[in-house]
Amino acid sequence: MKKTLTVNLGGSVFHIDEDAYLLLEKYLSNLRIHFEKEDGGEETLGDMEQRISEIFSEKNRAGFNVITIEDVENIIQRMGKVEDLFENDFRTNKKSSREERSQSSHGGERIGRKFFRNPDDKMLGGVCGGLAAFMGWDPTAVRLLTFLLACFGGVVVFIYLVLWLIVPLAQTAAERLQMCGESVTIENIGKTVTDGFERFSHQVNEYVNSDKPRTMLQKFADIIVGILGALLKVAAVFLGIILLPALVGILLAFVCVVIGLIFGGVGGIVSFLGWLLPSMDWNIISSVSPFEMSIGGISLIMLFAIPLLTMIYGLLCGIFKYKPLANELKWLLVILWLMAFVCIIYCSVSHGWWRHHWMI
Amino acid sequence: MKKGILEYCILLLLKEETAYASDLIQKLQEAKLIVVEGTLYPLLTRLKNSNLLEYCWKESTLGSSRKYYKLTEKGEAFLGELNNSWLELCETIEHIKKQN
């Protein structure tokens with residue numbers, strides 16, 4: 001005996017076994033994730049659903065009223081597995097993971113893994129689970145360590161929240177495999193889909209909406225993070241609009257400083273700044289070596305330019321539907337920005353600049 | 001390369017008569033060109049979006065309406081070009097084969 005569901009597929013109504021439904025849903029959502037990247041993907045997907053619906057209709061006409069798991073497996077066989085249809089995608093993925101592998105080969109066991117949040121092993125956001133899968137550690141140990149660190153310093157909490165917001169959730173079978181460092185091959189994909197599916201069918205009662213029932217705390221945390229994310233986005237947009245002209249101005253000013261430094265030496269800079277902002281005593285700069293000055297200048301520019309450009313790009317993404325920045329690039333920018341930040345702090349502290357202007 | 005040939009074949013099949021996706025699949029499978037149906041749909045959408053194909057809805061005997069694809073004028077012109085380049089390609093290959 002099996003529970004059945006009623007679904008609307010391509011405009012026709014079908015009765016479908018619950019396990020068959022879960023498999024079909026997984027197949028279609030995997031297709032959707034891949035088609036979303038292409039032009040007219042929605043339409044293609046619609047056509048395919050239409051076709052599946054037609055094949056089911058033919059079967060119903062033959063006198064079978066319920067779609068079983070075998071039917072869905074046949075359909076997948078007939079329409080093609082996701083990895084067959086998107087051969088190129090998978091090939092490039094494989095290539096990049098191989099590149100990563102060769103890069104990190106000296107790092108021992110980590111083979112081409114990517115950091116995702118783990119949806120299958122999560123207490124709050126899946127960050128610890130993902131980190132554990134990424135590093136090949138025990139998730140409970142990671143959680144315990146995180147908790148202990150969080151008790152001692154609030155920074156960990158902040159880092160956790162930031163990671164929760166930035167790190168993507170492993171949604172497709174391919175991403176889950178990358179998270180665990182297994183190579184994305186047809187067999188592995190099949191395994192993941194079937195694995196997930198077996199687990200579904202074993203615990204059908206617990207997986208009502210094909211998602212784990214979540215505790216109150218988890219739901220609450222989900223909502224909080226959702227709100228936080230939305231607020232951050234809104235804030236970023238507003239900041240972008242308000243600060244855009246100001247930031248552009250600052251950016252130009254610093255470009256001028258650097259150019260002035262290159263061509264006019266330190267003396268030129270001092271007189272230029274003195275002309276720009278006469279209220280401050282800029283002679284202190286004369287004591288700074290040109291090398292440090294240029295490092296400081298470049299750092300300052302990066303400090304403002306990186307968030308600014310990211311914001312502009314983000315705005316453009318929202319308006320023109322550009323592709324969002326690649327994750328690697330995001331991390332690179334974050335690291336660059338932090339480096340610039342450290343440089344600035346170092347430069348200003350080492351010359352008592354702050355004390356000179358604001359403490360006295 | 002296979003993708004290009006597949007597009008060429010679709011255009012060839014549609015030159016003679018308008019066809020429904022399943023007919024195309026059947027013919028392509030007979031020719032052992034594609035194995036799974038899913039490969040065809042993205043191609044049809046792409047060809048349609050580049051204005052080489054158009055479709056109209058027709059009621060089928062089964063009750064559901066189906067998309068029947070046919071060539072546009074641009075599509076026919078494009079098919080002519082493809083025919084030429086195919087012939088050239090064949091000649092080249094034959095030529096090279098003879099040299100061996």
# chains A, B, ... in the order shown; residues from 1 in each chain; ligands from 1

call {"tool": "interface_residues", "arguments": {"of": "chain B", "to": "chain A", "cutoff": "9 Å", "atoms": "only C-alpha atoms", "output": "PDB file with N, CA and C atoms, in the first residue's frame"}}
result
ATOM      1  N   ALA B  21       7.257  18.015 -31.582  1.00  0.00           N
ATOM      2  CA  ALA B  21       8.529  17.589 -30.985  1.00  0.00           C
ATOM      3  C   ALA B  21       8.699  16.065 -30.944  1.00  0.00           C
ATOM      4  N   SER B  22       7.626  15.348 -30.587  1.00  0.00           N
ATOM      5  CA  SER B  22       7.756  13.885 -30.485  1.00  0.00           C
ATOM      6  C   SER B  22       8.044  13.242 -31.831  1.00  0.00           C
ATOM      7  N   VAL B  35      19.701  10.063 -28.327  1.00  0.00           N
ATOM      8  CA  VAL B  35      19.268   8.932 -27.515  1.00  0.00           C
ATOM      9  C   VAL B  35      18.155   9.361 -26.570  1.00  0.00           C
ATOM     10  N   VAL B  36      18.306  10.542 -25.981  1.00  0.00           N
ATOM     11  CA  VAL B  36      17.303  10.979 -25.016  1.00  0.00           C
ATOM     12  C   VAL B  36      16.540  12.185 -25.554  1.00  0.00           C
ATOM     13  N   GLU B  37      15.281  12.273 -25.117  1.00  0.00           N
ATOM     14  CA  GLU B  37      14.420  13.333 -25.637  1.00  0.00           C
ATOM     15  C   GLU B  37      14.816  14.707 -25.128  1.00  0.00           C
ATOM     16  N   GLY B  38      15.340  14.729 -23.926  1.00  0.00           N
ATOM     17  CA  GLY B  38      15.624  16.009 -23.287  1.00  0.00           C
ATOM     18  C   GLY B  38      16.586  16.895 -24.060  1.00  0.00           C
ATOM     19  N   THR B  39      17.432  16.277 -24.908  1.00  0.00           N
ATOM     20  CA  THR B  39      18.393  17.076 -25.672  1.00  0.00           C
ATOM     21  C   THR B  39      17.706  17.982 -26.679  1.00  0.00           C
ATOM     22  N   TYR B  41      14.648  19.564 -26.599  1.00  0.00           N
ATOM     23  CA  TYR B  41      13.867  20.737 -26.211  1.00  0.00           C
ATOM     24  C   TYR B  41      14.690  22.019 -26.084  1.00  0.00           C
ATOM     25  N   PRO B  42      15.847  21.950 -25.440  1.00  0.00           N
ATOM     26  CA  PRO B  42      16.644  23.184 -25.383  1.00  0.00           C
ATOM     27  C   PRO B  42      17.031  23.674 -26.775  1.00  0.00           C
ATOM     28  N   LEU B  43      17.315  22.725 -27.684  1.00  0.00           N
ATOM     29  CA  LEU B  43      17.691  23.102 -29.047  1.00  0.00           C
ATOM     30  C   LEU B  43      16.542  23.808 -29.747  1.00  0.00           C
ATOM     31  N   LEU B  44      15.346  23.235 -29.629  1.00  0.00           N
ATOM     32  CA  LEU B  44      14.189  23.852 -30.284  1.00  0.00           C
ATOM     33  C   LEU B  44      13.977  25.264 -29.758  1.00  0.00           C
ATOM     34  N   THR B  45      14.084  25.408 -28.449  1.00  0.00           N
ATOM     35  CA  THR B  45      13.889  26.749 -27.877  1.00  0.00           C
ATOM     36  C   THR B  45      14.934  27.717 -28.409  1.00  0.00           C
ATOM     37  N   ARG B  46      16.187  27.231 -28.504  1.00  0.00           N
ATOM     38  CA  ARG B  46      17.247  28.120 -28.969  1.00  0.00           C
ATOM     39  C   ARG B  46      17.016  28.522 -30.424  1.00  0.00           C
ATOM     40  N   ASN B  49      14.272  31.003 -30.558  1.00  0.00           N
ATOM     41  CA  ASN B  49      14.684  32.328 -30.074  1.00  0.00           C
ATOM     42  C   ASN B  49      15.578  33.052 -31.072  1.00  0.00           C
ATOM     43  N   LEU B  62      -5.480  13.626 -28.799  1.00  0.00           N
ATOM     44  CA  LEU B  62      -5.501  13.222 -27.394  1.00  0.00           C
ATOM     45  C   LEU B  62      -6.126  14.285 -26.504  1.00  0.00           C
ATOM     46  N   SER B  64      -4.913  17.313 -25.683  1.00  0.00           N
ATOM     47  CA  SER B  64      -4.031  18.395 -25.286  1.00  0.00           C
ATOM     48  C   SER B  64      -3.539  19.107 -26.543  1.00  0.00           C
ATOM     49  N   ARG B  66      -0.686  20.879 -28.867  1.00  0.00           N
ATOM     50  CA  ARG B  66       0.744  20.640 -29.051  1.00  0.00           C
ATOM     51  C   ARG B  66       1.369  21.763 -29.848  1.00  0.00           C
ATOM     52  N   LYS B  67       2.655  21.943 -29.644  1.00  0.00           N
ATOM     53  CA  LYS B  67       3.386  22.932 -30.426  1.00  0.00           C
ATOM     54  C   LYS B  67       3.849  22.278 -31.722  1.00  0.00           C
TER      55      LYS B  67
END

call {"tool": "atom_distance", "arguments": {"atom1": "atom CA of A:Ala230", "atom2": "atom CA of A:Thr146"}}
result
25.7 Å

call {"tool": "select_by_dssp", "arguments": {"residues": "stretch 13-66 of chain A", "states": "alpha helix (DSSP H)", "output": "PyMOL selection string"}}
result
chain A and resi 18-35+41-61

call {"tool": "residues_around", "arguments": {"residues": "B:Tyr8", "least_positions_apart": "5", "cutoff": "10 Å", "atoms": "only C-alpha atoms", "output": "PDB file with C-alpha atoms, in the first residue's frame"}}
result
ATOM      1  CA  LYS B   2      27.401  16.942 -32.736  1.00  0.00           C
ATOM      2  CA  LYS B   3      25.174  19.731 -31.506  1.00  0.00           C
ATOM      3  CA  LEU B  13      13.379  17.541 -40.992  1.00  0.00           C
ATOM      4  CA  LEU B  14      11.280  20.647 -40.576  1.00  0.00           C
ATOM      5  CA  PHE B  78      19.982  29.623 -42.969  1.00  0.00           C
ATOM      6  CA  LEU B  79      19.324  26.043 -44.028  1.00  0.00           C
ATOM      7  CA  LEU B  82      24.135  25.132 -43.943  1.00  0.00           C
ATOM      8  CA  ASN B  83      23.621  22.919 -46.989  1.00  0.00           C
ATOM      9  CA  TRP B  86      27.937  20.821 -45.402  1.00  0.00           C
TER      10      TRP B  86
END

call {"tool": "residues_around", "arguments": {"residues": "A:Met123", "least_positions_apart": "4", "cutoff": "10 Å", "atoms": "only C-alpha atoms", "output": "JSON, numbers by chain"}}
result
{"A": [118, 119, 127, 128, 129, 143, 214, 215, 217, 218, 221]}

call {"tool": "write_last_selection", "arguments": {"atoms": "C-alpha atoms", "output": "PDB file, in the first residue's frame"}}
result
ATOM      1  CA  ASN A 118      25.196  21.742   4.200  1.00  0.00           C
ATOM      2  CA  PRO A 119      21.407  21.387   4.017  1.00  0.00           C
ATOM      3  CA  VAL A 127      27.631  26.503   8.225  1.00  0.00           C
ATOM      4  CA  CYS A 128      29.303  24.100  10.661  1.00  0.00           C
ATOM      5  CA  GLY A 129      28.032  21.075   8.750  1.00  0.00           C
ATOM      6  CA  ARG A 143      29.908  22.628  16.304  1.00  0.00           C
ATOM      7  CA  ARG A 214      12.316  22.155  11.644  1.00  0.00           C
ATOM      8  CA  THR A 215      12.339  23.033  15.289  1.00  0.00           C
ATOM      9  CA  LEU A 217      14.477  27.621  17.087  1.00  0.00           C
ATOM     10  CA  GLN A 218      15.557  26.762  13.561  1.00  0.00           C
ATOM     11  CA  ALA A 221      16.658  31.613  13.111  1.00  0.00           C
TER      12      ALA A 221
END

call {"tool": "atom_distance", "arguments": {"atom1": "atom CA of A:Lys114", "atom2": "atom CA of A:Lys219"}}
result
26.2 Å

call {"tool": "select_by_dssp", "arguments": {"residues": "chain B", "states": "strand (DSSP E or B)", "output": "PyMOL selection string"}}
result
chain B and resi 19-20+53-59+65-71

call {"tool": "closest_residue", "arguments": {"among": "B:Glu91, B:Ala77, B:Asn51, B:Gln99", "to": "B:Leu12", "atoms": "only C-alpha atoms"}}
result
B:Ala77

call {"tool": "residues_around", "arguments": {"residues": "B:Glu76", "least_positions_apart": "5", "cutoff": "9 Å", "atoms": "only C-alpha atoms", "output": "tab-separated table (two decimals) with N, CA and C atoms, in the first residue's frame"}}
result
chain	number	residue	atom	x	y	z
B	11	LEU	N	16.54	21.22	-38.71
B	11	LEU	CA	16.09	22.12	-39.77
B	11	LEU	C	15.72	21.33	-41.03
B	15	LYS	N	11.99	21.14	-42.84
B	15	LYS	CA	11.85	21.78	-44.14
B	15	LYS	C	10.68	21.15	-44.90
B	52	LEU	N	14.79	31.16	-36.21
B	52	LEU	CA	14.91	30.22	-37.33
B	52	LEU	C	13.66	29.34	-37.40
B	71	LEU	N	9.71	26.00	-40.20
B	71	LEU	CA	10.80	26.91	-40.52
B	71	LEU	C	10.27	28.30	-40.82
B	81	GLU	N	22.36	28.01	-46.40
B	81	GLU	CA	23.78	28.22	-46.06
B	81	GLU	C	24.40	26.95	-45.49
